[in-house]
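Okay, entry_34.cif is below, mmCIF, C-alpha atoms and all ligand atoms:
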data_start
loop_
_atom_site.label_atom_id
_atom_site.label_comp_id
_atom_site.auth_asym_id
_atom_site.auth_seq_id
_atom_site.Cartn_x
_atom_site.Cartn_y
_atom_site.Cartn_z
CA MET A 30 26.62 20.43 -13.48
CA THR A 31 23.86 20.06 -10.93
CA GLN A 32 20.67 18.56 -12.21
CA HIS A 33 17.41 19.20 -10.45
CA ILE A 34 15.13 16.26 -10.94
CA ALA A 35 11.60 16.71 -9.66
CA GLN A 36 11.16 13.83 -7.25
CA GLU A 37 8.21 11.60 -7.98
CA PRO A 38 5.99 10.90 -4.97
CA TYR A 39 6.34 7.37 -3.59
CA ILE A 40 2.60 6.77 -3.86
CA ALA A 41 0.46 8.42 -6.55
CA LEU A 42 -3.27 7.89 -7.04
CA LYS A 43 -4.78 9.72 -10.00
CA GLY A 44 -8.44 9.85 -10.95
CA ILE A 45 -9.33 6.80 -8.88
CA SER A 46 -12.93 5.64 -9.15
CA LYS A 47 -14.41 2.78 -7.19
CA ALA A 48 -18.01 1.67 -6.81
CA TYR A 49 -19.59 -1.28 -5.06
CA ASN A 50 -22.70 -3.07 -6.14
CA ILE A 51 -25.05 -2.62 -3.20
CA GLY A 52 -28.53 -4.08 -3.57
CA GLY A 53 -28.18 -4.29 -7.37
CA GLN A 54 -27.08 -0.65 -7.66
CA ALA A 55 -23.57 0.66 -8.31
CA VAL A 56 -22.83 2.93 -5.36
CA PRO A 57 -19.74 5.10 -5.96
CA ILE A 58 -17.25 5.30 -3.09
CA PHE A 59 -14.63 7.33 -4.98
CA SER A 60 -15.03 9.28 -8.23
CA GLY A 61 -11.81 10.80 -9.54
CA LEU A 62 -9.80 10.68 -6.30
CA ASP A 63 -6.22 12.04 -6.39
CA LEU A 64 -3.61 11.50 -3.67
CA CYS A 65 0.18 11.82 -3.42
CA ILE A 66 2.23 10.44 -0.54
CA PRO A 67 5.97 11.12 -0.49
CA HIS A 68 8.61 8.71 0.84
CA GLY A 69 8.86 8.82 4.62
CA ASP A 70 5.41 10.33 5.18
CA PHE A 71 3.18 9.28 8.09
CA VAL A 72 -0.44 9.90 7.13
CA ALA A 73 -3.49 9.40 9.32
CA VAL A 74 -6.75 8.81 7.45
CA MET A 75 -9.92 9.68 9.32
CA GLY A 76 -13.55 9.84 8.28
CA PRO A 77 -17.03 8.63 9.11
CA SER A 78 -17.91 4.95 9.01
CA GLY A 79 -18.54 3.90 5.42
CA SER A 80 -16.55 6.81 3.94
CA GLY A 81 -14.13 4.41 2.23
CA LYS A 82 -11.09 4.28 4.52
CA SER A 83 -10.70 0.49 4.37
CA THR A 84 -11.47 0.55 0.65
CA LEU A 85 -8.57 2.97 0.21
CA LEU A 86 -6.20 0.78 2.28
CA ASN A 87 -7.29 -2.33 0.36
CA MET A 88 -6.47 -0.60 -2.92
CA LEU A 89 -3.07 0.54 -1.59
CA ALA A 90 -2.43 -3.04 -0.45
CA GLY A 91 -3.31 -4.35 -3.91
CA ILE A 92 -6.07 -6.47 -2.37
CA ASP A 93 -8.72 -4.51 -4.24
CA ARG A 94 -8.38 -2.81 -7.62
CA PRO A 95 -9.80 0.58 -8.65
CA ASP A 96 -12.47 0.56 -11.38
CA ALA A 97 -10.66 3.43 -13.12
CA GLY A 98 -7.63 5.65 -12.60
CA SER A 99 -3.96 4.95 -11.95
CA LEU A 100 -2.40 3.72 -8.73
CA ARG A 101 1.38 3.67 -8.59
CA ILE A 102 3.56 2.76 -5.62
CA GLY A 103 7.28 3.13 -6.24
CA ALA A 104 7.83 1.82 -9.75
CA SER A 105 4.82 -0.51 -9.66
CA HIS A 106 1.55 0.32 -11.40
CA LEU A 107 -0.85 -1.69 -9.25
CA ASP A 108 -3.86 -0.85 -11.42
CA GLN A 109 -2.22 -2.65 -14.35
CA MET A 110 -1.16 -5.78 -12.46
CA GLY A 111 -3.13 -9.03 -12.17
CA GLU A 112 -4.00 -10.58 -8.82
CA ALA A 113 -1.00 -12.94 -8.64
CA ALA A 114 1.45 -10.13 -9.44
CA ARG A 115 -0.18 -7.90 -6.82
CA SER A 116 0.05 -10.65 -4.18
CA SER A 117 3.71 -11.18 -4.86
CA TRP A 118 4.31 -7.43 -4.91
CA ARG A 119 2.53 -7.12 -1.55
CA ALA A 120 4.71 -9.81 0.02
CA HIS A 121 7.85 -7.87 -0.90
CA HIS A 122 6.91 -4.23 -0.47
CA MET A 123 4.45 -3.74 2.36
CA GLY A 124 3.44 -4.79 5.81
CA ILE A 125 -0.11 -4.65 7.13
CA VAL A 126 -1.11 -4.08 10.76
CA PHE A 127 -4.67 -5.05 11.70
CA GLN A 128 -7.00 -3.86 14.46
CA PHE A 129 -7.44 -7.34 15.91
CA TYR A 130 -3.81 -8.41 15.29
CA ASN A 131 -4.73 -11.43 13.10
CA LEU A 132 -2.22 -13.68 14.88
CA LEU A 133 -2.54 -17.44 14.63
CA PRO A 134 -3.30 -18.67 18.18
CA ILE A 135 -1.66 -22.09 17.66
CA LEU A 136 1.69 -20.50 16.77
CA THR A 137 4.15 -18.84 19.16
CA ALA A 138 5.07 -15.16 18.81
CA ALA A 139 8.24 -16.14 16.90
CA GLU A 140 6.36 -18.52 14.58
CA ASN A 141 3.75 -15.85 13.80
CA VAL A 142 6.48 -13.37 12.93
CA GLU A 143 8.32 -15.97 10.86
CA LEU A 144 5.33 -16.68 8.57
CA PRO A 145 6.04 -14.03 5.87
CA LEU A 146 9.70 -15.14 5.77
CA LEU A 147 8.70 -18.65 4.70
CA LEU A 148 8.06 -17.21 1.22
CA LYS A 149 11.68 -16.09 0.98
CA PRO A 150 14.78 -18.09 0.08
CA LEU A 151 16.24 -17.98 3.60
CA SER A 152 17.74 -20.69 5.76
CA ARG A 153 16.15 -21.60 9.10
CA ARG A 154 19.00 -19.89 10.90
CA GLU A 155 18.63 -16.69 8.87
CA ARG A 156 14.91 -16.67 9.56
CA ARG A 157 15.50 -17.13 13.29
CA ILE A 158 18.00 -14.27 13.39
CA ARG A 159 15.59 -11.93 11.61
CA VAL A 160 12.67 -12.91 13.85
CA GLU A 161 14.73 -12.34 17.01
CA ARG A 162 15.92 -8.99 15.70
CA VAL A 163 12.41 -7.64 15.03
CA LEU A 164 10.97 -9.04 18.27
CA ASP A 165 13.79 -7.23 20.10
CA LEU A 166 13.00 -4.08 18.14
CA VAL A 167 9.36 -4.08 19.29
CA GLY A 168 10.38 -4.76 22.91
CA LEU A 169 9.45 -8.44 23.03
CA GLY A 170 12.93 -9.94 23.28
CA GLY A 171 12.70 -13.11 25.40
CA ARG A 172 9.02 -13.74 24.61
CA GLU A 173 9.65 -15.68 21.39
CA ARG A 174 8.01 -18.84 22.70
CA GLN A 175 4.90 -17.26 24.18
CA TYR A 176 1.52 -17.85 22.55
CA PRO A 177 -0.74 -14.91 21.64
CA GLY A 178 -3.39 -16.15 24.10
CA VAL A 179 -1.22 -15.30 27.12
CA MET A 180 -0.22 -11.85 25.85
CA SER A 181 -1.94 -8.50 26.47
CA GLY A 182 -3.53 -6.66 23.53
CA GLY A 183 -0.58 -4.28 23.36
CA GLN A 184 1.90 -7.17 23.29
CA GLN A 185 -0.11 -8.95 20.60
CA GLN A 186 -0.09 -5.80 18.51
CA ARG A 187 3.71 -5.62 18.92
CA VAL A 188 3.87 -9.14 17.49
CA GLY A 189 1.59 -7.91 14.67
CA ILE A 190 3.99 -5.03 13.97
CA ALA A 191 7.03 -7.35 14.11
CA ARG A 192 5.35 -9.61 11.54
CA ALA A 193 4.56 -6.56 9.36
CA ILE A 194 8.18 -5.36 9.30
CA VAL A 195 10.09 -8.67 9.28
CA CYS A 196 10.51 -8.56 5.47
CA ASP A 197 11.70 -4.94 5.76
CA PRO A 198 8.98 -3.33 3.61
CA GLY A 199 9.06 0.37 2.71
CA LEU A 200 5.37 0.84 3.38
CA LEU A 201 3.22 0.03 6.43
CA LEU A 202 -0.56 0.08 6.15
CA CYS A 203 -2.40 0.12 9.46
CA ASP A 204 -6.20 -0.22 9.77
CA GLU A 205 -7.20 0.98 13.26
CA PRO A 206 -3.99 -0.39 14.84
CA THR A 207 -4.99 0.90 18.29
CA GLY A 208 -8.76 0.42 17.99
CA ASP A 209 -8.77 -2.51 20.42
CA LEU A 210 -6.33 -1.07 22.99
CA ASP A 211 -6.55 1.03 26.17
CA ARG A 212 -5.00 4.53 26.05
CA LYS A 213 -1.63 3.54 27.54
CA SER A 214 -1.09 0.54 25.25
CA ALA A 215 -2.37 2.57 22.30
CA ASP A 216 0.15 5.33 22.99
CA GLU A 217 2.99 2.77 23.21
CA ILE A 218 2.00 1.30 19.84
CA LEU A 219 1.77 4.80 18.33
CA GLU A 220 5.25 5.66 19.69
CA MET A 221 6.50 2.49 18.02
CA LEU A 222 4.98 3.53 14.68
CA CYS A 223 6.62 6.97 15.07
CA PHE A 224 9.96 5.24 15.70
CA LEU A 225 9.57 3.07 12.58
CA ASN A 226 8.70 6.20 10.58
CA ARG A 227 11.45 8.49 11.91
CA GLN A 228 14.30 6.08 12.56
CA LEU A 229 13.76 3.40 9.93
CA GLY A 230 12.17 5.62 7.26
CA LYS A 231 9.00 3.55 6.84
CA THR A 232 6.18 5.32 5.03
CA ILE A 233 2.99 4.80 7.05
CA VAL A 234 -0.68 5.12 6.16
CA MET A 235 -2.84 4.64 9.26
CA VAL A 236 -6.63 4.60 9.37
CA THR A 237 -7.96 5.67 12.75
CA HIS A 238 -11.10 6.94 14.46
CA ASP A 239 -9.04 8.30 17.36
CA PRO A 240 -8.03 12.00 17.05
CA GLN A 241 -5.24 11.45 19.62
CA ALA A 242 -3.80 8.63 17.51
CA ALA A 243 -3.94 10.86 14.43
CA LEU A 244 -1.85 13.50 16.25
CA HIS A 245 1.14 11.12 16.05
CA ALA A 246 1.09 11.32 12.24
CA LYS A 247 2.68 14.11 10.20
CA ARG A 248 -0.63 14.95 8.58
CA THR A 249 -4.25 13.87 8.69
CA LEU A 250 -6.51 13.34 5.70
CA HIS A 251 -10.20 13.59 6.50
CA LEU A 252 -12.13 11.47 4.06
CA ASP A 253 -15.70 12.53 3.44
CA LYS A 254 -18.05 12.08 0.50
CA GLY A 255 -15.27 10.57 -1.60
CA ASP A 256 -12.68 13.32 -1.17
CA PHE A 257 -9.93 14.39 1.22
CA VAL A 258 -9.53 17.49 3.33
CA GLU A 259 -5.98 17.76 4.66
CA GLU A 260 -4.82 18.93 8.05
CA ARG A 261 -1.08 19.50 8.22
CA ARG A 262 1.05 19.79 11.33
CA ALA A 263 4.58 20.91 11.92
CA ALA A 264 6.92 17.86 11.86
N1 LIG B 301 -16.83 -5.80 -0.64
C1 LIG B 301 -17.82 -4.87 -0.61
N2 LIG B 301 -18.99 -5.08 -1.27
C2 LIG B 301 -19.96 -4.15 -1.25
N3 LIG B 301 -19.85 -2.98 -0.59
C3 LIG B 301 -18.74 -2.74 0.07
C4 LIG B 301 -17.65 -3.66 0.11
N4 LIG B 301 -16.66 -3.14 0.87
C5 LIG B 301 -17.11 -1.93 1.29
N5 LIG B 301 -18.34 -1.69 0.81
C6 LIG B 301 -19.13 -0.46 1.03
O1 LIG B 301 -18.30 0.63 0.68
C7 LIG B 301 -18.44 1.71 1.61
C8 LIG B 301 -17.10 2.06 2.20
O2 LIG B 301 -16.67 0.97 3.02
P1 LIG B 301 -15.33 0.97 3.87
O3 LIG B 301 -15.26 -0.34 4.54
O4 LIG B 301 -14.20 1.36 2.98
O5 LIG B 301 -15.62 2.12 4.91
P2 LIG B 301 -14.76 2.59 6.18
O6 LIG B 301 -14.55 4.07 6.02
O7 LIG B 301 -13.56 1.73 6.32
O8 LIG B 301 -15.79 2.34 7.37
P3 LIG B 301 -15.50 1.89 8.90
O9 LIG B 301 -15.06 3.16 9.60
O10 LIG B 301 -16.86 1.46 9.37
O11 LIG B 301 -14.48 0.82 8.92
C9 LIG B 301 -19.49 1.26 2.61
O12 LIG B 301 -20.75 1.77 2.22
C10 LIG B 301 -19.49 -0.25 2.49
O13 LIG B 301 -20.75 -0.79 2.79
MG MG B 302 -12.93 0.31 7.78
#
Is it possible to express this structure as structure tokens?
Amino acid sequence: MTQHIAQEPYIALKGISKAYNIGGQAVPIFSGLDLCIPHGDFVAVMGPSGSGKSTLLNMLAGIDRPDAGSLRIGASHLDQMGEAARSSWRAHHMGIVFQFYNLLPILTAAENVELPLLLKPLSRRERRIRVERVLDLVGLGGRERQYPGVMSGGQQQRVGIARAIVCDPGLLLCDEPTGDLDRKSADEILEMLCFLNRQLGKTIVMVTHDPQAALHAKRTLHLDKGDFVEERRAA
């Protein structure tokens, strides 16, 4: 007998409200926001400055918690978890790519990528193998010992991506990953994100101001006045 089980979306936000206290007044950023993201999606989030894009990413990352509503990723209900549980969850399930790379300048490329692995029960040799594998994957094989200071922006962002995927997370959150790069380097980074999405099945949520960057995603959500308007493209 064939059973048809309605597949749950990977990420489900329901009735999310979030306000910040600005100048003594609670200013709502979201009031009753709903969002579903299936496994393997690549979503670009666009919207004016201050519309709440980083707030949304911070909630998905478990860095920030909604004031109300439910936020589930996989089997984890982030809205019901305390800070320590969310930190540990984050270390196992997601990678974050930042606009300005957030690499430690006193560490080599390999040491930067190795950092998240130090939380795992792995031997030095196992860590080295994993680091080499992901640096190869992002096209930086042979540059393990270079320091971020001698690398171009595009190369530093590749290190940032290698660090984000070294623990093999299902979800990648990217906040303006190409915001600091020229067009050519930006396009190379975007191709890399497409590869991680299509070939390795990573679900990606990418905040961007750049309409050309958003075209690499499967769909774009325009965030304005606390709600989304979706633009869908053929895969
Ligand atoms: N920690 C905070 N405390 C108070 N207000 C905050 C905090 N974080 C964000 N805000 C406010 O919430 C609103 C949304 O901010 P957010 O950073 O999410 O916007 P954004 O869409 O990412 O903007 P940008 O495109 O400029 O990065 C803004 O009005 C901002 O001032
Ligand atoms: Mg922002």
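Excluding Ala120 of chain A and any residue on its chain fewer than 6 positions from it, the residues at most 9 Å away by only C-alpha atoms are Pro145, Leu148, Cys196 and Pro198 of chain A.
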Quiz item: Which is closest to Ser83 of chain A among A:Ile194, A:Ile58, A:Leu144, A:Val167, if we use all atoms listed in the file?
Solution: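 Answer, going by the shortest atom-to-atom distance: A:Ile58.
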Find the residues around Arg192 of chain A up to 12 Å (all atoms listed in the file counted), leave out those fewer than 4 positions away in its own chain, and share them as an mmCIF file with C-alpha atoms, in the frame of the given file.
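Full text of part-v8.cif as output:
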data_model
loop_
_atom_site.group_PDB
_atom_site.id
_atom_site.type_symbol
_atom_site.label_atom_id
_atom_site.label_comp_id
_atom_site.auth_asym_id
_atom_site.auth_seq_id
_atom_site.Cartn_x
_atom_site.Cartn_y
_atom_site.Cartn_z
ATOM 1 C CA ALA A 120 4.710 -9.810 0.020
ATOM 2 C CA MET A 123 4.450 -3.740 2.360
ATOM 3 C CA GLY A 124 3.440 -4.790 5.810
ATOM 4 C CA ILE A 125 -0.110 -4.650 7.130
ATOM 5 C CA VAL A 126 -1.110 -4.080 10.760
ATOM 6 C CA PHE A 127 -4.670 -5.050 11.700
ATOM 7 C CA TYR A 130 -3.810 -8.410 15.290
ATOM 8 C CA ASN A 131 -4.730 -11.430 13.100
ATOM 9 C CA LEU A 132 -2.220 -13.680 14.880
ATOM 10 C CA LEU A 133 -2.540 -17.440 14.630
ATOM 11 C CA ALA A 138 5.070 -15.160 18.810
ATOM 12 C CA ALA A 139 8.240 -16.140 16.900
ATOM 13 C CA GLU A 140 6.360 -18.520 14.580
ATOM 14 C CA ASN A 141 3.750 -15.850 13.800
ATOM 15 C CA VAL A 142 6.480 -13.370 12.930
ATOM 16 C CA GLU A 143 8.320 -15.970 10.860
ATOM 17 C CA LEU A 144 5.330 -16.680 8.570
ATOM 18 C CA PRO A 145 6.040 -14.030 5.870
ATOM 19 C CA LEU A 146 9.700 -15.140 5.770
ATOM 20 C CA LEU A 147 8.700 -18.650 4.700
ATOM 21 C CA ARG A 159 15.590 -11.930 11.610
ATOM 22 C CA VAL A 160 12.670 -12.910 13.850
ATOM 23 C CA GLU A 161 14.730 -12.340 17.010
ATOM 24 C CA ARG A 162 15.920 -8.990 15.700
ATOM 25 C CA VAL A 163 12.410 -7.640 15.030
ATOM 26 C CA LEU A 164 10.970 -9.040 18.270
ATOM 27 C CA LEU A 166 13.000 -4.080 18.140
ATOM 28 C CA VAL A 167 9.360 -4.080 19.290
ATOM 29 C CA GLN A 185 -0.110 -8.950 20.600
ATOM 30 C CA GLN A 186 -0.090 -5.800 18.510
ATOM 31 C CA ARG A 187 3.710 -5.620 18.920
ATOM 32 C CA VAL A 188 3.870 -9.140 17.490
ATOM 33 C CA CYS A 196 10.510 -8.560 5.470
ATOM 34 C CA ASP A 197 11.700 -4.940 5.760
ATOM 35 C CA PRO A 198 8.980 -3.330 3.610
ATOM 36 C CA LEU A 201 3.220 0.030 6.430
#
Self-check item: Proximity to Val195 of chain A - best of A:Cys65, A:Leu252, A:His121, A:Leu244, all atoms listed in the file
Solution: A:His121
Quiz item: Which residue, A:Arg172, A:Arg101, A:His238, A:Arg156, has the smallest gap to ligand LIG 301 (chain B) when you use all atoms listed in the file?
Solution: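 Of A:Arg172, A:Arg101, A:His238, A:Arg156, the one nearest ligand LIG 301 (chain B), counting all atoms listed in the file, is A:His238.
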Self-check item: Among the residues A:Gly52, A:Pro177, A:Gly69, A:Gly79, the one that comes closest to ligand LIG 301 (chain B) [using all atoms listed in the file]
Solution: A:Gly79
Exercise. Show me which residues sit within 6 Å of ligand LIG 301 (chain B) when counting all atoms listed in the file, and put them as number ranges by chain.
Key: A: 49-51, 77-84
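What separates atom CA of Gln184 of chain A from atom CA of Lys247 of chain A is a distance of 25.0 Å.
Between atom CA of Leu169 of chain A and atom CA of Leu202 of chain A there is a distance of 21.4 Å.
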